[in-house]
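Here is the structure we will look at, set down as structure tokens.
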Amino acid sequence: MAKKKAEGYLSARESRRISRENRKITNGYEKKRKRKNVPESEYLVQMHDSNNSVEFDNLHTYFFTDAGTVKAVDGVSFEVPIGKTVGVVGESGCGKSVTSLSLMQLLQRPQGQVVEGEIRLNLGNKAYDVTKAPDEVLQKLRGNYVSMIFQEPMTALNPVFRIGDQINEVIALHDGEGKSEEDIKKRTIELLKMVGIANSEGVYQMFPHELSGGMRQRVVIAMALACNPKVIIADEPTTALDVTIQAQILDLLRQLKDRINSSIMFITHDLGVIAEMADYVVVMYAGRVVEKGTAEEIFYHPAHPYTIGLMASKPVVGKKIDKLYSIPGKVPNPINMPNYCYFKDRCEMCVEGCEGGYPEMISLSETHKVSCYRYYDKKEGE
Amino acid sequence: MAEVIRNEFTPVEYDPQYILQVNTLKKYFPIKGGMLGRTVGHVKAVDGVTFNLKRGTTMGLVGESGCGKTTTGRAILRLAGEKTGGQVLFNGKEVYDLSAKEMRELRTKMQIIFQDPFSSLSPRLPVGEIIGEAVREHNLVPKAEFDDYIDKIMDECGLQPFHKDRYPHEFSGGQRQRICIARALALNPEFVVCDEPVSALDVSIQAQIINLLRELQESFKLTYLFISHDLSVVEHISDSVGVMYLGNLVEYGSTEDIFSNPLHPYTEALFSAIPVPDPNAKMNRIVLQGSIPSPANPPKGCKFHTRCEKCMEICKYANPQWKEVESGHFCACHLFNDEEETARANEEMARVKADEKGKS
């Protein structure tokens with residue numbers, strides 16, 4: 001029994017106490033959010049670099065659960081430049097999706113809250129911090145400036161409405177001012193054609209179950225692109241698809257990005273897909289960014305032991321190896337994160353410095369940054 | 001009028017070097033319809049699959065979803081009801097001819113690891129019971145040694161003895177897959193069908209499970225049929241590979257042959273679609289248009305002709321022969337016809353064309 005307790009089993013009293021405290025905290029956040037007539041000055045910010053369309057700055061997103069606070073995203077900073085694709089890689093549970101949901105402000109509230117940090121969204125002539133913006137403003141941002149392609153096309157579509165109606169709704173809600181029903185329908189059919197659905201008039205009348213997985217993903221993409229967003233978040237858009245269909249969808253995304261000149265934040269755990277799609281790569285582990293840089297830097301000179309391990313553990317066609325490398329151990333419990341480097345317990349390249357606190361990000365080149373003690377003395381020696 | 005299912009094949013004799021001989025295996029699922037619930041058609045999930053599997057080797061089975069990979073695996077284990085046609089010889093015995101009692105005995109020899117470790121474990125049984133249930137049922141070990149035996153199996157699969165009293169929900173995906181593997185291996189099988197065992201797992205966990213499967217293969221002398229749509233995993237683990245499309249095997253050969261010299265246009269397209277983790281990799285990708293046709297109403301002639309780049313007139317009418325193009329490398333495609341086959345195919349094409357004219 002004693003063992004069980006040590007492994008994170010809570011007594012009912014403990015759990016009640018935690019949930020009481022959580023409620024206090026989350027109520028505070030919710031109250032702040034529900035205020036009416038928030039002045040624009042509160043969420044108006046300045047982009048650090050006007051060539052970025054999104055800047056994540058020290059983002060902390062926590063979930064206040066009854067078992068304790070889960071630090072799903074714990075100090076994430078990276079930029080999405082205009083017209084570029086940024087790939088976010090990591091294992092499940094590392095906070096990739098929560099980062100993107102924070103940008104959309106679609107977190108499961110009230111448990112999920114952005115407790116610290118900024119997400120600056122470039123609107124052209126001004127920039128907003130979406131974490132502080134009130135709901136009415138966000139409603140205008142979603143769809144028009146940021147939109148999301150969801151992971152599973154099977155669950156992202158409503159089974160009881162026709163495809164056409166579902167896309168019409170998006171256009172009417174976000175971009176529908178002064179548009180008649182005919183105009184909206186025309187736009188929907190145009191979108192369906194754009195994503196490569198040949199029989200667009202027919203599909204307009206269909207229900208989601210009548211389409212195959214690849215077709216559904218195309219519909220979801222059409223929906224995301226309906227109002228020409230500046231930033232598209234693609235959350236594992238091809239994970240549920242076959243390789244041949246995946247190739248089609250990736251081709252499509254690349255073409256569309258160039259056509260509407262938007263940025264893509266591409267979330268996936270497949271390194272092959274990332275290599276193909278991304279200009280910049282962000283590697284996440286246990287809620288933090290462990291390494292970021294251009295695709296070339298990450299794939300040719302991976303620096304963090306986790307990135308190196310991840311690359312080695314994937315079999316590659318044409319490379320014959322006897323035994324795959326597997327990263328020992330498992331991801332630490334998100335409720336009780338250690339106060340040293342999160343990867344230390346699984347790392348086979350530890351140096352003396354690893355005993356210290358969580359390593360700060362250091363630069364290896366202008367774009368290549370890594371948070372690992374192995375590169376500290378090199379830096380100091382220079 | 002319901003179509004007549006033809007069951008034509010040349011029976012094969014038992015060859016002791018093979019643990020499993022599959023010959024023109026067919027498995028159709030009836031489509032019921034109409035007022036009386038009559039059979040109005042068939043979904044041809046597996047439509048004539050032929051291959052031999054040597055002892056102690058691994059065969060990979062790849063293809064898009066819906067091409068019949070899983071049904072093939074299940075049909076071999078007689079888990080998909082009665083077969084529609086063909087032969088499945090396991091150690092020389094026809095699996096479908098066995099009585100219920102004999103089949104029960106054979107079940108310990110052939111096992112399956114299911115795709116989704118989240119839904120294939122009973123949530124109400126502790127892990128020790130999940131692994132040990134079948135062992136007890138089949139009386140494989142004396143009662144006194146039972147606990148030790150389970151401990152040993154769990155240890156082999158990388159599970160701790162104290163995991164025995166836990167329930168599946170307390171485990172992560174990778175650990176659950178280990179439980180599934182332990183459950184299959186507890187019966188000391190000779191042949192294991194691995195149905196997408198790593199698809200639901202993260203990359204780093206995938207590597208652990210693949211390594212485990214290979215270690216176990218050596219220590220238990222196992223033969224695997226490894227079903228997966230992840231081609232890089234299949235290349236890593238398999239000795240031979242079969243490529244399926246719409247219920248048919250389109251190509252079969254050793255892993256080196258298949259990957260370095262793919263013959264069938266579908267295999268070529270499939271391999272070119274694999275994303276390579278190298279940002280500067282050259283992309284001369286063959287992107288297949290459209291998606292896989294319905295197996296209830298497959299295209300005439302070669303089933304792949306609707307999406308094939310190298311489609312010829314003949315492909316639309318005549319069914320290509322399954323034949324050995326190079327030594328040990330089988331393929332079904334009109335591109336590799338010799339004169340005799342071309343003549344036969346032309347004849348078939350003429351016949352089908354005449355039929356169509358007659359109808360219209």
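We name chains A, B, ... following the order of the structure tokens; residues begin at 1 in each chain, and ligands are numbered from 1 as shown.
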Using only C-alpha atoms, I'd like every residue of chain B that has an atom within 9 Å of chain A; please write them out as a ChimeraX atom specification.
/B:63-65,201-208,210-211,214,229-233,235-236,259-260,269-281,285-291
DSSP-assigned helix (DSSP H, G or I) among region 271-379 of chain A, expressed as a ChimeraX atom specification:
/A:271-277,295-300,305-312,344-346,352-355,373-379
How would the residues just picked look written out with N, CA and C atoms as a compact mmCIF listing (two decimals), in the first residue's frame?
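Done, and the output landed in out02.txt:
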# COMPACT_ATOMS: atom_id res chain seq x y z
N LEU A 271 9.00 12.44 -38.09
CA LEU A 271 10.13 13.26 -38.50
C LEU A 271 10.24 13.36 -40.02
N GLY A 272 9.82 12.31 -40.72
CA GLY A 272 9.89 12.33 -42.17
C GLY A 272 9.00 13.43 -42.74
N VAL A 273 7.81 13.53 -42.20
CA VAL A 273 6.87 14.56 -42.68
C VAL A 273 7.42 15.95 -42.38
N ILE A 274 7.98 16.11 -41.19
CA ILE A 274 8.56 17.40 -40.81
C ILE A 274 9.66 17.81 -41.78
N ALA A 275 10.54 16.87 -42.08
CA ALA A 275 11.67 17.18 -42.95
C ALA A 275 11.18 17.67 -44.30
N GLU A 276 10.05 17.12 -44.72
CA GLU A 276 9.55 17.46 -46.03
C GLU A 276 8.85 18.82 -46.04
N MET A 277 8.17 19.13 -44.94
CA MET A 277 7.31 20.30 -44.93
C MET A 277 7.95 21.55 -44.34
N ALA A 295 15.36 23.56 -40.51
CA ALA A 295 15.24 22.12 -40.75
C ALA A 295 16.61 21.49 -40.99
N GLU A 296 17.47 22.20 -41.76
CA GLU A 296 18.80 21.65 -42.03
C GLU A 296 19.59 21.45 -40.74
N GLU A 297 19.55 22.46 -39.88
CA GLU A 297 20.31 22.37 -38.64
C GLU A 297 19.84 21.20 -37.78
N ILE A 298 18.52 21.08 -37.68
CA ILE A 298 17.99 20.03 -36.81
C ILE A 298 18.28 18.64 -37.38
N PHE A 299 18.12 18.49 -38.71
CA PHE A 299 18.28 17.15 -39.25
C PHE A 299 19.74 16.77 -39.51
N TYR A 300 20.58 17.75 -39.83
CA TYR A 300 21.98 17.40 -40.09
C TYR A 300 22.85 17.54 -38.86
N PRO A 305 20.34 15.68 -26.85
CA PRO A 305 20.32 14.21 -26.83
C PRO A 305 18.95 13.63 -27.16
N TYR A 306 17.89 14.36 -26.80
CA TYR A 306 16.55 13.84 -27.11
C TYR A 306 16.31 13.83 -28.61
N THR A 307 16.70 14.91 -29.28
CA THR A 307 16.55 14.97 -30.74
C THR A 307 17.36 13.86 -31.40
N ILE A 308 18.59 13.69 -30.91
CA ILE A 308 19.45 12.66 -31.47
C ILE A 308 18.81 11.28 -31.30
N GLY A 309 18.28 11.04 -30.09
CA GLY A 309 17.64 9.77 -29.80
C GLY A 309 16.42 9.54 -30.67
N LEU A 310 15.65 10.59 -30.85
CA LEU A 310 14.43 10.51 -31.65
C LEU A 310 14.77 10.14 -33.10
N MET A 311 15.83 10.75 -33.61
CA MET A 311 16.23 10.46 -35.00
C MET A 311 16.69 9.02 -35.12
N ALA A 312 17.43 8.56 -34.09
CA ALA A 312 18.00 7.22 -34.18
C ALA A 312 16.95 6.14 -33.99
N LYS A 344 17.24 14.41 -18.03
CA LYS A 344 18.46 13.87 -17.44
C LYS A 344 18.34 12.38 -17.14
N ASP A 345 17.19 11.95 -16.61
CA ASP A 345 17.04 10.56 -16.20
C ASP A 345 17.10 9.59 -17.38
N ARG A 346 16.85 10.07 -18.57
CA ARG A 346 16.85 9.18 -19.73
C ARG A 346 18.07 9.42 -20.60
N GLU A 352 28.79 16.80 -16.16
CA GLU A 352 28.72 17.22 -14.76
C GLU A 352 27.67 18.29 -14.53
N GLY A 353 27.61 19.23 -15.46
CA GLY A 353 26.71 20.36 -15.29
C GLY A 353 25.25 19.97 -15.13
N CYS A 354 24.89 18.75 -15.58
CA CYS A 354 23.50 18.33 -15.57
C CYS A 354 22.90 18.27 -14.17
N GLU A 355 23.75 18.28 -13.14
CA GLU A 355 23.23 18.27 -11.77
C GLU A 355 22.46 19.54 -11.47
N TYR A 373 23.19 21.20 -21.17
CA TYR A 373 24.45 21.59 -20.54
C TYR A 373 25.68 21.19 -21.35
N ARG A 374 25.49 20.25 -22.27
CA ARG A 374 26.65 19.77 -23.02
C ARG A 374 27.30 20.89 -23.83
N TYR A 375 26.54 21.93 -24.13
CA TYR A 375 27.09 22.97 -25.00
C TYR A 375 27.50 24.21 -24.22
N TYR A 376 27.42 24.13 -22.87
CA TYR A 376 27.69 25.31 -22.07
C TYR A 376 29.17 25.72 -22.09
N ASP A 377 30.05 24.74 -21.81
CA ASP A 377 31.47 25.13 -21.69
C ASP A 377 32.03 25.58 -23.03
N LYS A 378 31.52 24.95 -24.11
CA LYS A 378 31.98 25.37 -25.43
C LYS A 378 31.72 26.86 -25.62
N LYS A 379 30.55 27.26 -25.17
CA LYS A 379 30.15 28.64 -25.32
C LYS A 379 31.06 29.55 -24.48
Compare A:Val89, A:Tyr204, A:Ser147, A:Gln139 by their minimum atom-to-atom distance to Asp165 (chain A), counting only C-alpha atoms, and give me the closest one.
A:Tyr204
Would you list the contacts of Pro123 (chain B) as a PyMOL selection string, taking every protein, DNA or RNA residue within 7 Å and counting only C-alpha atoms, but skipping same-chain residues closer than 3 positions in sequence?
chain B and resi 167-169
Can I get the selected residues back with N, CA and C atoms, as a PDB file, in the first residue's frame?
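In the end it all went to part23.pdb:
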ATOM      1  N   TYR B 167      -4.321  -3.245 -13.242  1.00  0.00           N
ATOM      2  CA  TYR B 167      -5.298  -3.343 -14.324  1.00  0.00           C
ATOM      3  C   TYR B 167      -4.791  -2.568 -15.539  1.00  0.00           C
ATOM      4  N   PRO B 168      -5.259  -2.933 -16.748  1.00  0.00           N
ATOM      5  CA  PRO B 168      -4.715  -2.316 -17.960  1.00  0.00           C
ATOM      6  C   PRO B 168      -4.718  -0.786 -17.966  1.00  0.00           C
ATOM      7  N   HIS B 169      -5.721  -0.163 -17.337  1.00  0.00           N
ATOM      8  CA  HIS B 169      -5.783   1.299 -17.444  1.00  0.00           C
ATOM      9  C   HIS B 169      -4.624   1.982 -16.736  1.00  0.00           C
TER      10      HIS B 169
END
What lies within 7 Å of Met148 (chain A) using only C-alpha atoms, ignoring chain neighbours under 6 positions off, as a list in words?
Ala224, Ile232, Ile233 and Ala234 of chain A
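Each of A:Cys341, A:Ile267, A:Ile119, A:Ile171 was compared to Ser371 (chain A) using only C-alpha atoms, and A:Cys341 turns out to be the nearest.
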Determine which residues of region 286-345 of chain A receive a DSSP assignment of strand (DSSP E), computed from the backbone, and state them as a PyMOL selection string.
chain A and resi 288-294
For C-alpha atoms, I'd like the residues from the last selection saved as a compact mmCIF listing (two decimals), in the first residue's frame.
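What ended up in out.txt:
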# COMPACT_ATOMS: atom_id res chain seq x y z
CA ARG A 288 9.39 22.67 -22.96
CA VAL A 289 11.25 23.46 -26.14
CA VAL A 290 14.52 21.54 -26.01
CA GLU A 291 15.85 22.53 -29.40
CA LYS A 292 14.88 24.77 -32.28
CA GLY A 293 16.46 25.76 -35.55
CA THR A 294 16.12 25.50 -39.30
So, counting only C-alpha atoms, which residue among A:Ala72, A:Leu253, A:Met194, A:Leu44 is closest to Tyr128 (chain A)?
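Between A:Ala72, A:Leu253, A:Met194, A:Leu44, the residue approaching Tyr128 (chain A) most closely is A:Leu44.
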